[in-house]
$ cat data_19.cif   # mmCIF, C-alpha atoms and all ligand atoms
data_structure
loop_
_atom_site.label_atom_id
_atom_site.label_comp_id
_atom_site.auth_asym_id
_atom_site.auth_seq_id
_atom_site.Cartn_x
_atom_site.Cartn_y
_atom_site.Cartn_z
CA MET L 1 -17.92 -27.51 2.35
CA ASP L 2 -19.51 -30.63 0.86
CA PRO L 3 -18.95 -33.76 2.97
CA VAL L 4 -15.91 -35.79 1.99
CA ASN L 5 -16.55 -39.42 1.02
CA VAL L 6 -14.97 -41.87 3.44
CA GLY L 7 -14.61 -45.64 3.05
CA ILE L 8 -13.92 -47.95 5.99
CA VAL L 9 -11.80 -51.11 5.67
CA GLY L 10 -12.16 -53.46 8.67
CA CYS L 11 -15.64 -53.92 10.18
CA GLY L 12 -14.79 -55.46 13.57
CA ASN L 13 -15.40 -54.36 17.16
CA ILE L 14 -14.24 -50.78 16.91
CA SER L 15 -15.98 -49.96 13.61
CA PRO L 16 -19.47 -48.98 14.93
CA ILE L 17 -18.29 -45.90 16.83
CA TYR L 18 -16.31 -44.71 13.78
CA ILE L 19 -19.30 -45.26 11.51
CA GLU L 20 -21.59 -43.36 13.90
CA ASN L 21 -19.26 -40.41 14.42
CA LEU L 22 -18.09 -40.11 10.80
CA SER L 23 -21.75 -40.21 9.70
CA ASN L 24 -22.67 -37.46 12.16
CA PHE L 25 -19.76 -35.06 11.59
CA PRO L 26 -20.85 -32.48 8.98
CA ALA L 27 -17.66 -32.77 6.89
CA THR L 28 -17.51 -36.56 6.47
CA ARG L 29 -19.86 -39.13 4.95
CA VAL L 30 -19.34 -42.92 5.11
CA VAL L 31 -20.22 -44.20 1.62
CA ALA L 32 -18.74 -47.72 1.73
CA VAL L 33 -17.54 -50.31 4.24
CA ALA L 34 -15.37 -53.35 3.49
CA ASP L 35 -13.81 -56.35 5.20
CA LEU L 36 -11.91 -59.52 4.31
CA ASP L 37 -15.21 -61.08 5.39
CA PRO L 38 -17.64 -59.31 3.01
CA ASN L 39 -20.65 -60.50 4.98
CA ARG L 40 -19.41 -58.69 8.07
CA ALA L 41 -19.18 -55.52 5.98
CA ARG L 42 -22.70 -56.05 4.59
CA GLU L 43 -24.08 -56.48 8.10
CA ARG L 44 -22.55 -53.18 9.17
CA ALA L 45 -23.84 -51.48 6.02
CA SER L 46 -27.38 -52.63 6.58
CA ALA L 47 -27.27 -51.67 10.28
CA TYR L 48 -26.10 -48.13 9.49
CA GLY L 49 -27.68 -47.51 6.05
CA ILE L 50 -24.38 -47.31 4.19
CA PRO L 51 -24.80 -47.51 0.40
CA ARG L 52 -21.98 -49.92 -0.57
CA ALA L 53 -20.32 -52.89 1.18
CA GLY L 54 -18.21 -55.93 0.42
CA ALA L 55 -14.59 -57.02 -0.04
CA PRO L 56 -11.79 -54.40 0.35
CA GLY L 57 -11.94 -53.53 -3.38
CA VAL L 58 -15.35 -51.93 -2.77
CA VAL L 59 -13.50 -49.17 -0.92
CA LEU L 60 -10.04 -49.26 -2.47
CA ASP L 61 -11.23 -49.26 -6.12
CA ASP L 62 -13.94 -46.62 -5.71
CA PRO L 63 -12.77 -43.38 -7.36
CA ASP L 64 -15.34 -41.36 -5.38
CA ILE L 65 -13.73 -42.22 -2.04
CA ALA L 66 -11.10 -39.70 -0.91
CA VAL L 67 -10.24 -41.09 2.54
CA VAL L 68 -9.77 -44.69 3.69
CA VAL L 69 -10.21 -45.34 7.41
CA ASN L 70 -8.21 -48.48 8.14
CA LEU L 71 -9.71 -50.38 11.09
CA THR L 72 -8.08 -53.74 10.34
CA VAL L 73 -5.92 -55.70 12.79
CA PRO L 74 -2.44 -54.24 13.43
CA LYS L 75 -0.57 -56.69 11.17
CA ALA L 76 -2.76 -55.62 8.20
CA HIS L 77 -2.44 -51.86 8.80
CA ALA L 78 0.55 -51.44 6.48
CA GLU L 79 -0.75 -53.54 3.59
CA VAL L 80 -4.16 -51.82 3.54
CA ALA L 81 -2.56 -48.37 3.91
CA PHE L 82 -0.16 -49.02 1.01
CA GLN L 83 -3.11 -50.09 -1.16
CA ALA L 84 -5.08 -46.98 -0.23
CA LEU L 85 -2.18 -44.61 -0.88
CA ASN L 86 -1.31 -46.28 -4.16
CA ALA L 87 -4.96 -45.83 -5.17
CA GLY L 88 -4.56 -42.08 -4.57
CA LYS L 89 -6.47 -41.93 -1.28
CA HIS L 90 -5.61 -40.37 2.06
CA VAL L 91 -5.48 -42.98 4.82
CA TYR L 92 -6.18 -42.91 8.54
CA ASN L 93 -5.05 -46.02 10.48
CA GLU L 94 -6.15 -47.39 13.80
CA LYS L 95 -3.22 -47.81 16.23
CA PRO L 96 -0.44 -48.72 15.96
CA LEU L 97 0.53 -47.00 12.70
CA ALA L 98 2.20 -50.27 11.60
CA VAL L 99 3.94 -53.14 13.33
CA SER L 100 7.46 -52.49 11.97
CA ARG L 101 9.33 -49.20 11.74
CA ALA L 102 10.14 -49.98 8.09
CA ASP L 103 6.45 -50.24 7.16
CA GLY L 104 5.64 -47.06 9.07
CA ALA L 105 8.44 -45.18 7.32
CA ASP L 106 7.37 -46.52 3.90
CA MET L 107 3.83 -45.34 4.56
CA LEU L 108 4.98 -41.79 5.22
CA ARG L 109 7.33 -41.87 2.21
CA ILE L 110 4.66 -43.11 -0.23
CA ALA L 111 2.18 -40.54 1.09
CA GLY L 112 4.76 -37.79 0.60
CA GLU L 113 5.47 -38.92 -2.97
CA HIS L 114 1.75 -38.87 -3.81
CA ASN L 115 1.03 -35.67 -1.89
CA LEU L 116 -1.42 -37.57 0.30
CA ARG L 117 -2.05 -37.55 4.05
CA VAL L 118 -1.52 -40.28 6.64
CA GLY L 119 -3.36 -39.94 9.92
CA ALA L 120 -3.47 -42.34 12.83
CA ALA L 121 -5.28 -43.17 16.04
CA PRO L 122 -5.40 -42.55 18.86
CA ASP L 123 -7.22 -39.24 18.60
CA THR L 124 -8.19 -39.30 22.28
CA PHE L 125 -5.57 -36.61 22.90
CA LEU L 126 -7.92 -34.25 21.02
CA GLY L 127 -10.66 -34.87 23.59
CA ALA L 128 -11.74 -32.39 26.23
CA GLY L 129 -9.68 -34.07 28.98
CA ILE L 130 -6.22 -34.04 27.45
CA GLN L 131 -6.83 -30.73 25.62
CA THR L 132 -7.62 -29.20 29.03
CA CYS L 133 -4.29 -30.58 30.29
CA ARG L 134 -2.58 -29.09 27.27
CA GLU L 135 -4.13 -25.68 27.97
CA LEU L 136 -3.09 -25.84 31.64
CA ILE L 137 0.50 -26.74 30.76
CA ASP L 138 0.66 -24.06 28.05
CA GLN L 139 -0.68 -21.49 30.56
CA GLY L 140 2.08 -22.42 33.02
CA ALA L 141 -0.28 -23.89 35.64
CA ILE L 142 2.41 -26.37 36.75
CA GLY L 143 5.39 -24.23 35.77
CA THR L 144 7.99 -26.07 33.70
CA PRO L 145 7.23 -29.80 33.32
CA VAL L 146 10.14 -31.75 34.77
CA ALA L 147 8.92 -35.33 35.26
CA GLY L 148 6.03 -37.70 34.91
CA HIS L 149 4.70 -41.13 35.63
CA ALA L 150 2.45 -43.30 33.45
CA SER L 151 1.03 -46.77 34.13
CA MET L 152 -1.12 -49.22 32.21
CA LEU L 153 -1.23 -52.27 34.45
CA CYS L 154 -3.59 -55.26 34.23
CA HIS L 155 -3.47 -59.04 33.99
CA GLY L 156 -4.07 -59.41 30.27
CA HIS L 157 -7.22 -60.20 28.35
CA GLU L 158 -7.56 -64.01 28.34
CA SER L 159 -10.27 -63.84 31.01
CA TRP L 160 -12.78 -61.95 28.81
CA HIS L 161 -11.64 -61.67 25.15
CA PRO L 162 -13.03 -64.47 22.94
CA SER L 163 -9.77 -64.72 20.89
CA PRO L 164 -6.97 -63.35 23.10
CA GLU L 165 -4.03 -65.08 21.33
CA PHE L 166 -2.93 -61.96 19.42
CA TYR L 167 -2.20 -60.09 22.67
CA TYR L 168 0.71 -62.51 23.26
CA GLU L 169 2.11 -62.57 19.70
CA ILE L 170 4.92 -60.40 18.33
CA GLY L 171 3.37 -56.98 17.74
CA GLY L 172 1.03 -57.52 20.71
CA GLY L 173 1.85 -57.18 24.39
CA PRO L 174 0.75 -54.29 26.60
CA LEU L 175 3.05 -51.71 25.00
CA PHE L 176 1.97 -52.13 21.36
CA ASP L 177 -1.66 -52.61 22.38
CA MET L 178 -2.13 -49.80 24.93
CA GLY L 179 1.15 -47.86 24.73
CA PRO L 180 -0.04 -45.72 21.79
CA TYR L 181 -2.67 -44.07 24.04
CA TYR L 182 -0.15 -43.25 26.76
CA LEU L 183 2.74 -42.25 24.52
CA THR L 184 0.57 -40.17 22.18
CA ALA L 185 -0.86 -38.27 25.16
CA LEU L 186 2.61 -37.75 26.63
CA VAL L 187 4.23 -36.49 23.42
CA ALA L 188 1.20 -34.33 22.61
CA LEU L 189 1.64 -32.68 26.04
CA LEU L 190 5.43 -32.66 26.41
CA GLY L 191 6.84 -32.82 22.86
CA PRO L 192 9.16 -35.44 21.34
CA ILE L 193 11.19 -38.05 23.19
CA ARG L 194 14.95 -37.99 22.62
CA ARG L 195 16.10 -41.26 24.20
CA VAL L 196 14.69 -44.37 25.84
CA ALA L 197 15.87 -46.88 28.43
CA GLY L 198 13.82 -50.04 28.83
CA ALA L 199 13.58 -53.25 30.80
CA THR L 200 11.23 -56.02 29.69
CA ALA L 201 10.11 -59.43 30.93
CA VAL L 202 7.97 -62.40 30.00
CA THR L 203 6.76 -63.19 33.52
CA PHE L 204 4.45 -66.07 32.57
CA PRO L 205 5.66 -68.13 29.56
CA THR L 206 2.15 -69.48 28.97
CA ARG L 207 -1.37 -68.16 29.50
CA THR L 208 -4.52 -70.22 29.99
CA ILE L 209 -7.67 -68.89 28.38
CA THR L 210 -10.55 -68.68 30.86
CA SER L 211 -13.06 -66.97 28.53
CA GLU L 212 -15.46 -68.79 26.21
CA PRO L 213 -15.33 -70.30 23.63
CA LYS L 214 -11.64 -71.26 23.97
CA LYS L 215 -11.70 -71.92 27.74
CA GLY L 216 -8.84 -74.17 28.87
CA ARG L 217 -6.57 -73.65 25.84
CA THR L 218 -2.97 -72.57 26.47
CA ILE L 219 -1.24 -69.66 24.72
CA ALA L 220 2.57 -69.64 24.35
CA VAL L 221 3.73 -66.08 25.13
CA GLU L 222 5.99 -64.70 22.35
CA THR L 223 6.37 -61.09 23.45
CA PRO L 224 7.24 -59.24 26.68
CA THR L 225 4.25 -58.76 28.95
CA HIS L 226 5.92 -56.37 31.40
CA LEU L 227 7.77 -53.35 29.98
CA ALA L 228 9.22 -50.54 32.09
CA ALA L 229 10.70 -47.52 30.32
CA VAL L 230 12.41 -44.28 31.22
CA LEU L 231 11.66 -41.66 28.58
CA ASP L 232 13.87 -38.57 28.28
CA PHE L 233 11.93 -35.82 26.52
CA ALA L 234 13.81 -33.38 24.28
CA ALA L 235 12.41 -30.46 26.33
CA GLY L 236 13.76 -31.95 29.58
CA PRO L 237 11.07 -33.96 31.41
CA ILE L 238 11.91 -37.52 32.45
CA VAL L 239 8.88 -39.84 32.46
CA GLN L 240 8.61 -43.43 33.74
CA LEU L 241 6.15 -45.54 31.75
CA THR L 242 5.17 -49.06 32.77
CA THR L 243 2.85 -51.24 30.70
CA SER L 244 2.04 -54.71 31.98
CA PHE L 245 -0.21 -57.71 31.53
CA ASP L 246 1.34 -59.28 34.65
CA ILE L 247 -0.32 -57.27 37.46
CA TRP L 248 -3.41 -58.43 39.40
CA GLY L 249 -4.17 -55.15 41.15
CA HIS L 250 -2.67 -51.70 41.64
CA THR L 251 -3.38 -48.15 42.81
CA GLN L 252 -1.31 -46.26 40.22
CA PRO L 253 -2.90 -43.35 38.31
CA CYS L 254 -2.86 -43.43 34.47
CA ILE L 255 -0.64 -40.39 33.92
CA GLU L 256 0.72 -37.68 36.22
CA ILE L 257 2.92 -34.81 35.07
CA TYR L 258 5.05 -32.97 37.61
CA GLY L 259 6.19 -29.38 37.06
CA SER L 260 8.31 -26.79 38.85
CA GLU L 261 5.11 -25.10 40.17
CA GLY L 262 2.66 -27.97 40.57
CA SER L 263 1.37 -31.37 39.46
CA LEU L 264 -1.25 -32.45 36.95
CA SER L 265 -3.28 -35.65 36.97
CA VAL L 266 -4.11 -36.51 33.34
CA PRO L 267 -7.27 -38.57 32.68
CA ASP L 268 -7.27 -42.06 31.15
CA PRO L 269 -5.79 -41.51 27.66
CA ASN L 270 -8.06 -44.27 26.31
CA GLY L 271 -10.98 -41.84 26.64
CA PHE L 272 -11.97 -38.31 25.68
CA GLY L 273 -13.20 -36.92 29.00
CA GLY L 274 -11.90 -36.30 32.54
CA PRO L 275 -11.25 -36.04 35.34
CA VAL L 276 -8.40 -33.53 35.13
CA ARG L 277 -6.90 -32.73 38.52
CA LEU L 278 -4.43 -30.03 39.44
CA CYS L 279 -2.27 -29.41 42.51
CA ARG L 280 -0.44 -26.09 42.59
CA ALA L 281 2.71 -25.63 44.70
CA GLY L 282 1.75 -25.66 48.38
CA GLY L 283 -1.95 -26.27 47.62
CA GLU L 284 -4.42 -29.14 47.54
CA TRP L 285 -5.53 -31.32 44.62
CA HIS L 286 -8.70 -30.06 42.94
CA GLU L 287 -10.65 -31.05 39.85
CA VAL L 288 -10.60 -28.74 36.83
CA GLY L 289 -13.87 -28.54 34.86
CA LEU L 290 -13.88 -29.49 31.19
CA ASP L 291 -15.09 -26.40 29.37
CA ARG L 292 -14.47 -27.77 25.86
CA ALA L 293 -15.89 -29.82 23.01
CA TYR L 294 -15.43 -33.61 22.68
CA ALA L 295 -15.75 -34.96 26.21
CA GLN L 296 -17.73 -37.94 24.84
CA ASN L 297 -16.45 -40.88 22.77
CA SER L 298 -15.38 -38.98 19.64
CA ARG L 299 -13.31 -41.68 17.89
CA GLY L 300 -12.90 -40.48 14.33
CA LEU L 301 -12.22 -36.87 15.41
CA GLY L 302 -8.71 -37.29 14.01
CA VAL L 303 -10.26 -38.20 10.63
CA LEU L 304 -12.48 -35.11 10.73
CA ASP L 305 -9.46 -32.94 11.55
CA MET L 306 -7.48 -34.51 8.67
CA VAL L 307 -10.32 -33.87 6.21
CA LEU L 308 -10.71 -30.24 7.33
CA ALA L 309 -6.93 -29.74 7.33
CA GLU L 310 -6.74 -30.91 3.72
CA ALA L 311 -9.47 -28.44 2.74
CA GLU L 312 -7.82 -25.61 4.71
CA GLY L 313 -4.24 -26.41 3.67
CA ARG L 314 -2.95 -26.82 7.24
CA PRO L 315 -1.30 -29.74 9.10
CA HIS L 316 -3.62 -32.28 10.73
CA ARG L 317 -3.13 -33.13 14.39
CA ALA L 318 -3.36 -36.95 14.66
CA SER L 319 -0.63 -37.21 12.06
CA GLY L 320 1.31 -40.12 10.64
CA GLY L 321 4.49 -38.38 11.78
CA LEU L 322 3.34 -38.33 15.41
CA ALA L 323 2.24 -41.99 15.18
CA PHE L 324 5.60 -42.95 13.66
CA HIS L 325 7.42 -41.29 16.57
CA VAL L 326 5.30 -43.35 18.99
CA LEU L 327 6.05 -46.54 17.02
CA ASP L 328 9.77 -45.68 17.05
CA VAL L 329 9.71 -45.21 20.85
CA MET L 330 7.82 -48.49 21.42
CA HIS L 331 10.43 -50.44 19.46
CA ALA L 332 13.20 -48.65 21.35
CA VAL L 333 11.92 -49.93 24.73
CA GLY L 334 12.52 -53.56 23.75
CA GLU L 335 15.79 -52.77 21.97
CA SER L 336 17.14 -50.97 25.02
CA SER L 337 16.35 -53.95 27.23
CA ASP L 338 17.88 -56.42 24.77
CA GLN L 339 21.02 -54.34 24.16
CA GLY L 340 21.56 -53.01 27.69
CA ARG L 341 21.87 -49.36 26.65
CA HIS L 342 19.86 -46.18 25.98
CA ILE L 343 18.37 -45.97 22.48
CA ASP L 344 18.45 -42.52 20.85
CA ILE L 345 15.28 -41.50 19.04
CA HIS L 346 15.79 -39.66 15.78
CA SER L 347 12.20 -39.33 14.57
CA GLY L 348 10.35 -36.10 15.18
CA PHE L 349 6.91 -34.75 14.33
CA GLU L 350 5.13 -31.48 13.83
CA ALA L 351 3.65 -30.42 17.18
CA PRO L 352 -0.15 -30.68 16.91
CA ALA L 353 -1.86 -27.32 17.35
CA PRO L 354 -4.28 -27.04 20.29
CA LEU L 355 -7.87 -27.80 19.34
CA PRO L 356 -10.29 -24.83 19.49
CA LYS L 357 -12.44 -24.95 22.65
CA GLU L 358 -15.65 -24.87 20.65
CA GLY L 359 -14.50 -27.78 18.45
CA LEU L 360 -13.87 -28.13 14.73
CA SER L 361 -16.19 -26.63 12.16
CA ALA L 362 -16.32 -27.04 8.39
N1 LIG I 401 -11.77 -53.17 19.97
C1 LIG I 401 -11.39 -52.06 20.60
O1 LIG I 401 -11.91 -51.74 21.68
C2 LIG I 401 -10.35 -51.16 20.00
C3 LIG I 401 -10.20 -49.93 20.59
C4 LIG I 401 -9.33 -49.05 20.03
C5 LIG I 401 -8.58 -49.41 18.94
N2 LIG I 401 -8.69 -50.63 18.38
C6 LIG I 401 -7.86 -50.94 17.23
O2 LIG I 401 -8.71 -51.04 16.09
C7 LIG I 401 -8.20 -52.04 15.20
C8 LIG I 401 -9.25 -53.06 14.98
O3 LIG I 401 -9.62 -53.61 16.23
P1 LIG I 401 -10.97 -54.45 16.41
O4 LIG I 401 -11.11 -54.69 17.85
O5 LIG I 401 -12.08 -53.79 15.66
O6 LIG I 401 -10.53 -55.80 15.69
P2 LIG I 401 -11.46 -56.96 15.13
O7 LIG I 401 -10.62 -58.18 15.06
O8 LIG I 401 -12.76 -56.98 15.85
O9 LIG I 401 -11.78 -56.46 13.63
C9 LIG I 401 -10.81 -56.33 12.62
C10 LIG I 401 -11.48 -56.58 11.28
O10 LIG I 401 -10.52 -56.35 10.24
C11 LIG I 401 -10.72 -57.34 9.25
N3 LIG I 401 -9.47 -57.47 8.50
C12 LIG I 401 -8.30 -58.02 8.91
N4 LIG I 401 -7.38 -57.93 7.92
C13 LIG I 401 -7.98 -57.31 6.88
C14 LIG I 401 -7.55 -56.93 5.60
N5 LIG I 401 -6.31 -57.16 5.18
N6 LIG I 401 -8.43 -56.30 4.79
C15 LIG I 401 -9.70 -56.06 5.20
N7 LIG I 401 -10.17 -56.39 6.42
C16 LIG I 401 -9.32 -57.02 7.25
C17 LIG I 401 -11.12 -58.58 10.01
O11 LIG I 401 -11.79 -59.48 9.17
C18 LIG I 401 -12.01 -57.99 11.11
O12 LIG I 401 -13.36 -57.94 10.72
C19 LIG I 401 -6.91 -52.55 15.83
O13 LIG I 401 -5.81 -51.85 15.29
C20 LIG I 401 -7.08 -52.21 17.30
O14 LIG I 401 -5.82 -52.01 17.93
C21 LIG I 401 -9.58 -51.51 18.88
#
$ encode --input "data_19.cif" --output "structure tokens"
Amino acid sequence: MDPVNVGIVGCGNISPIYIENLSNFPATRVVAVADLDPNRARERASAYGIPRAGAPGVVLDDPDIAVVVNLTVPKAHAEVAFQALNAGKHVYNEKPLAVSRADGADMLRIAGEHNLRVGAAPDTFLGAGIQTCRELIDQGAIGTPVAGHASMLCHGHESWHPSPEFYYEIGGGPLFDMGPYYLTALVALLGPIRRVAGATAVTFPTRTITSEPKKGRTIAVETPTHLAAVLDFAAGPIVQLTTSFDIWGHTQPCIEIYGSEGSLSVPDPNGFGGPVRLCRAGGEWHEVGLDRAYAQNSRGLGVLDMVLAEAEGRPHRASGGLAFHVLDVMHAVGESSDQGRHIDIHSGFEAPAPLPKEGLSA
């Protein structure tokens, strides 16, 4: 098939890897890049030889662009996605899908009305590491999954990020920032979550920036920075997830899944590779080799899959529905803590098909 024309809106930190991968995949071609700061877009365009660059209209008003890849900041995801969909384009958002549930739901509704697709990061669950875990679980290597444990623990980002304020605003915090990687991996492996119990805290009401250039400034913390959740999956497993910006050091693994016949150590869901480790009942832990495509940084793989799915008339894997379920669960953690009760989750999603070992081809 001829490559599909892609336009990127948002030319910040994460954009180079998308531009590189979407330029190298055979089925996608980056023809325009845009940003609120048109000069930033022009710099990217000249660095990567992209024909057109400028303000968002350069992408959104171009009738030759079929897919908008939305790499703006989270609070702009919805607005840019609505503009793309209303211009008749498929859209693929960086995580989270949106900040509010209402915006996420509107996105899926508008896409449905226009017969367009919504995709969303993270697509790391399509990498060799988590796809190997998926294959092992599907083959029964750990029997029936019954439980799990997931941890994303650190002390926040004010020691290195040049503008760390947004991590402590509403819509930030460790769950909305990093939770999508963990929750997307978990639901891709174990299916949908049916109810959530949460406990949250603001441990430090202020943060002092120690990175340049804002060294010494104080941030007022507006959102929980420690969130512990118990996730009941519809298929039965019970998983504890903790995300925190309040922890100086720890020895917790990223994700472990425990089954009736063994245990699985899932690699960092913020990456595409390994290590994958398996312990069968009565045996020792051992590493499982990754005999699959996409062990390297393949950000944009979800876009490629969406483009191919549209051409082939099949569902795409990193879907808006899956991302909405993750958004729904993240909101439920805080609501459960505030209301002192379990929150039932009513959103579902189409289970993403396993990725072929040899990768996707046009
Ligand atoms: N930086 C990372 O390592 C990383 C990793 C994975 C995912 N992400 C996600 O990618 C997204 C972008 O992150 P980033 O680190 O590149 O942020 P960034 O702040 O470096 O860049 C965001 C860019 O979007 C532009 N922008 C903001 N609102 C806009 C709008 N309405 N229209 C057009 N452009 C707009 C900004 O001008 C900026 O250039 C976020 O959703 C983030 O969660 C980032």
$ closest_residue --input "data_19.cif" --among "L:Pro269, L:Ala53, L:Arg101, L:Glu135" --to "L:Asn39" --atoms "all atoms listed in the file"
L:Ala53
$ closest_atom_pairs --input "data_19.cif" --of "chain L" --to "ligand LIG 401 (chain I)" --cutoff "10 Å" --atoms "only C-alpha atoms and all ligand atoms" --output "JSON lines"
{"residue": "L:Ile8", "atom": "CA", "partner": "I:LIG401", "partner_atom": "C15", "distance": 9.2}
{"residue": "L:Val9", "atom": "CA", "partner": "I:LIG401", "partner_atom": "C15", "distance": 5.4}
{"residue": "L:Gly10", "atom": "CA", "partner": "I:LIG401", "partner_atom": "O10", "distance": 3.7}
{"residue": "L:Cys11", "atom": "CA", "partner": "I:LIG401", "partner_atom": "O12", "distance": 4.7}
{"residue": "L:Gly12", "atom": "CA", "partner": "I:LIG401", "partner_atom": "O9", "distance": 3.2}
{"residue": "L:Asn13", "atom": "CA", "partner": "I:LIG401", "partner_atom": "O5", "distance": 3.7}
{"residue": "L:Ile14", "atom": "CA", "partner": "I:LIG401", "partner_atom": "O5", "distance": 3.9}
{"residue": "L:Ser15", "atom": "CA", "partner": "I:LIG401", "partner_atom": "O5", "distance": 5.8}
{"residue": "L:Pro16", "atom": "CA", "partner": "I:LIG401", "partner_atom": "O5", "distance": 8.8}
{"residue": "L:Ile17", "atom": "CA", "partner": "I:LIG401", "partner_atom": "C3", "distance": 9.8}
{"residue": "L:Val33", "atom": "CA", "partner": "I:LIG401", "partner_atom": "C15", "distance": 9.8}
{"residue": "L:Ala34", "atom": "CA", "partner": "I:LIG401", "partner_atom": "C15", "distance": 6.5}
{"residue": "L:Asp35", "atom": "CA", "partner": "I:LIG401", "partner_atom": "N7", "distance": 3.8}
{"residue": "L:Leu36", "atom": "CA", "partner": "I:LIG401", "partner_atom": "N7", "distance": 4.2}
{"residue": "L:Asp37", "atom": "CA", "partner": "I:LIG401", "partner_atom": "O11", "distance": 5.3}
{"residue": "L:Pro38", "atom": "CA", "partner": "I:LIG401", "partner_atom": "O11", "distance": 8.5}
{"residue": "L:Asn39", "atom": "CA", "partner": "I:LIG401", "partner_atom": "O12", "distance": 9.6}
{"residue": "L:Arg40", "atom": "CA", "partner": "I:LIG401", "partner_atom": "O12", "distance": 6.6}
{"residue": "L:Ala41", "atom": "CA", "partner": "I:LIG401", "partner_atom": "O12", "distance": 7.9}
{"residue": "L:Gly54", "atom": "CA", "partner": "I:LIG401", "partner_atom": "C15", "distance": 9.8}
{"residue": "L:Ala55", "atom": "CA", "partner": "I:LIG401", "partner_atom": "C15", "distance": 7.2}
{"residue": "L:Pro56", "atom": "CA", "partner": "I:LIG401", "partner_atom": "C15", "distance": 5.5}
{"residue": "L:Gly57", "atom": "CA", "partner": "I:LIG401", "partner_atom": "C15", "distance": 9.2}
{"residue": "L:Val59", "atom": "CA", "partner": "I:LIG401", "partner_atom": "C15", "distance": 10.0}
{"residue": "L:Asn70", "atom": "CA", "partner": "I:LIG401", "partner_atom": "C7", "distance": 7.9}
{"residue": "L:Leu71", "atom": "CA", "partner": "I:LIG401", "partner_atom": "C7", "distance": 4.7}
{"residue": "L:Thr72", "atom": "CA", "partner": "I:LIG401", "partner_atom": "O10", "distance": 3.6}
{"residue": "L:Val73", "atom": "CA", "partner": "I:LIG401", "partner_atom": "C19", "distance": 4.5}
{"residue": "L:Pro74", "atom": "CA", "partner": "I:LIG401", "partner_atom": "O13", "distance": 4.5}
{"residue": "L:Lys75", "atom": "CA", "partner": "I:LIG401", "partner_atom": "N4", "distance": 7.6}
{"residue": "L:Ala76", "atom": "CA", "partner": "I:LIG401", "partner_atom": "N5", "distance": 4.9}
{"residue": "L:His77", "atom": "CA", "partner": "I:LIG401", "partner_atom": "O13", "distance": 7.3}
{"residue": "L:Ala78", "atom": "CA", "partner": "I:LIG401", "partner_atom": "N5", "distance": 9.0}
{"residue": "L:Glu79", "atom": "CA", "partner": "I:LIG401", "partner_atom": "N5", "distance": 6.8}
{"residue": "L:Val80", "atom": "CA", "partner": "I:LIG401", "partner_atom": "N5", "distance": 6.0}
{"residue": "L:Ala81", "atom": "CA", "partner": "I:LIG401", "partner_atom": "N5", "distance": 9.6}
{"residue": "L:Asn93", "atom": "CA", "partner": "I:LIG401", "partner_atom": "O13", "distance": 7.6}
{"residue": "L:Glu94", "atom": "CA", "partner": "I:LIG401", "partner_atom": "O13", "distance": 4.7}
{"residue": "L:Lys95", "atom": "CA", "partner": "I:LIG401", "partner_atom": "O13", "distance": 4.9}
{"residue": "L:Pro96", "atom": "CA", "partner": "I:LIG401", "partner_atom": "O13", "distance": 6.3}
{"residue": "L:Leu97", "atom": "CA", "partner": "I:LIG401", "partner_atom": "O13", "distance": 8.4}
{"residue": "L:Ala98", "atom": "CA", "partner": "I:LIG401", "partner_atom": "O13", "distance": 9.0}
{"residue": "L:Ala121", "atom": "CA", "partner": "I:LIG401", "partner_atom": "C5", "distance": 7.6}
{"residue": "L:Pro122", "atom": "CA", "partner": "I:LIG401", "partner_atom": "C5", "distance": 7.6}
{"residue": "L:His161", "atom": "CA", "partner": "I:LIG401", "partner_atom": "N1", "distance": 10.0}
{"residue": "L:Ser163", "atom": "CA", "partner": "I:LIG401", "partner_atom": "O7", "distance": 8.8}
{"residue": "L:Phe166", "atom": "CA", "partner": "I:LIG401", "partner_atom": "O7", "distance": 9.6}
{"residue": "L:Gly172", "atom": "CA", "partner": "I:LIG401", "partner_atom": "O14", "distance": 9.2}
{"residue": "L:Phe176", "atom": "CA", "partner": "I:LIG401", "partner_atom": "O14", "distance": 8.5}
{"residue": "L:Asp177", "atom": "CA", "partner": "I:LIG401", "partner_atom": "O14", "distance": 6.1}
{"residue": "L:Met178", "atom": "CA", "partner": "I:LIG401", "partner_atom": "O14", "distance": 8.2}
{"residue": "L:Pro180", "atom": "CA", "partner": "I:LIG401", "partner_atom": "O14", "distance": 9.4}
{"residue": "L:Tyr181", "atom": "CA", "partner": "I:LIG401", "partner_atom": "C4", "distance": 9.2}
{"residue": "L:Asn270", "atom": "CA", "partner": "I:LIG401", "partner_atom": "C4", "distance": 8.0}
{"residue": "L:Gly271", "atom": "CA", "partner": "I:LIG401", "partner_atom": "C4", "distance": 9.9}
{"residue": "L:Arg299", "atom": "CA", "partner": "I:LIG401", "partner_atom": "C4", "distance": 8.6}
$ atom_distance --input "data_19.cif" --atom1 "atom CA of L:Ile247" --atom2 "atom CA of L:Val326"
23.8 Å
$ residues_around --input "data_19.cif" --residues "stretch 197-211 of chain L" --least-positions-apart "6" --cutoff "7 Å" --atoms "all atoms listed in the file" --output "PyMOL selection string"
chain L and resi 158-162+217-221+223-231+246+333-334+336-337+341-343
$ atom_distance --input "data_19.cif" --atom1 "atom CA of L:Gly129" --atom2 "atom CA of L:Gly348"
24.4 Å
$ closest_residue --input "data_19.cif" --among "L:Met107, L:Leu22, L:Leu126, L:Val58" --to "L:Gln296" --atoms "all atoms listed in the file"
L:Leu126
$ closest_residue --input "data_19.cif" --among "L:Ala281, L:Met152, L:Val31, L:Val187" --to "L:Ala45" --atoms "only C-alpha atoms"
L:Val31
